[in-house]
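All remarks here apply to the structure that follows.
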Amino acid sequence: MGVQDIIEGKKQWRAHVARVKALPPDYRIVYKEIQKYLFKVGPVDLVDGPLLPGIVDFFEEGVLAGKGVLELIGDDVAGFCDDLIGDSRTYADLYQESIAKKAGKAGK
């Protein structure tokens with residue numbers, strides 16, 4: 001990764017954060033909770049992938065439609081997140097795979 005890539009990544013992240021800050025307060029609170037949850041258990045490609053910008057797109061559409069954030073995602077934020085990342089490889093998956101490999105080597 002070169003310096004230009006880092007600079008471009010920072011520009012994209014700042015633009016993303018600006019979009020989040022433009023959301024109504026209830027949407028921002030839920031977005032921060034989603035982000036916190038996904039950073040803990042989320043997919044390996046979370047930062048570079050389309051998931052977080054897609055959530056902001058979804059929330060912006062909800063705002064335009066005049067809906068509350070819980071009308072869009074329901075009462076279970078973690079369940080909403082789990083549905084989003086259901087087919088993605090997570091850090092937990094990588095950890096489980098590394099433990100299985102270590103256990104396999106130890107058994108030989």
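In the structure tokens, the first chain shown is A, the next is B, and so on; residue numbers restart at 1 for each chain, and ligands run from 1 in the order shown.
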Given only C-alpha atoms, how would the per-residue table for segment 18-74 of chain A near segment 78-96 of chain A read, listing every residue at most 6 Å away with its closest atom pair and distance in Å to one decimal, sorted by chain and number, as a tab-separated table?
residue	atom	partner	partner_atom	distance
A:Gly42	CA	A:Thr90	CA	5.4
A:Pro43	CA	A:Thr90	CA	4.1
A:Val44	CA	A:Thr90	CA	5.2
*asked:* Need to verify the contact set: segment 59-76 of chain A, 8 Å, only C-alpha atoms, exclusion of same-chain residues closer than 6 positions in sequence. Can you return it as a ChimeraX atom specification?
replied: /A:23-24,26-27,30
Please produce a file of those selected residues containing N, CA and C atoms, as a PDB file, in the first residue's frame.
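Done, and the output landed in out.pdb:
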ATOM      1  N   LEU A  23     -26.676  12.488   9.311  1.00  0.00           N
ATOM      2  CA  LEU A  23     -27.885  11.742   9.649  1.00  0.00           C
ATOM      3  C   LEU A  23     -28.540  12.333  10.898  1.00  0.00           C
ATOM      4  N   PRO A  24     -29.851  12.115  11.062  1.00  0.00           N
ATOM      5  CA  PRO A  24     -30.518  12.550  12.296  1.00  0.00           C
ATOM      6  C   PRO A  24     -29.911  11.835  13.516  1.00  0.00           C
ATOM      7  N   ASP A  26     -31.012   9.964  16.027  1.00  0.00           N
ATOM      8  CA  ASP A  26     -31.342   8.571  16.301  1.00  0.00           C
ATOM      9  C   ASP A  26     -30.648   7.622  15.319  1.00  0.00           C
ATOM     10  N   TYR A  27     -30.532   8.030  14.086  1.00  0.00           N
ATOM     11  CA  TYR A  27     -29.827   7.223  13.093  1.00  0.00           C
ATOM     12  C   TYR A  27     -28.334   7.143  13.417  1.00  0.00           C
ATOM     13  N   VAL A  30     -27.724   4.676  16.326  1.00  0.00           N
ATOM     14  CA  VAL A  30     -27.832   3.278  15.881  1.00  0.00           C
ATOM     15  C   VAL A  30     -26.662   2.924  14.971  1.00  0.00           C
TER      16      VAL A  30
END
_Interatomic distance, atom CA of Arg28 of chain A to atom CA of Ile55 of chain A (Å, one decimal)_ = 11.2 Å
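The coordinates place atom CA of Val3 of chain A at 20.9 Å from atom CA of Leu46 of chain A.
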*Near Arg19 of chain A, within 10 Å and counting only C-alpha atoms, which residues show up once chain neighbours fewer than 2 positions away are dropped, as a list in words?*
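After dropping sequence-adjacent residues, the list is Trp13, Arg14, Ala15, His16, Val17, Lys21, Ala22, Leu23, Arg28, Pro53, Val56, Asp57 and Glu60 of chain A.
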*Could you give me, as a PyMOL selection string, each residue of chain A that DSSP assigns to alpha helix (DSSP H) when run on this structure's backbone?*
chain A and resi 3-21+25-41+51-64+69-73+77-84+91-106
_Distance of atom CA of Lys101 of chain A from atom CA of Val47 of chain A, expressed in Å to one decimal place_ = 26.7 Å
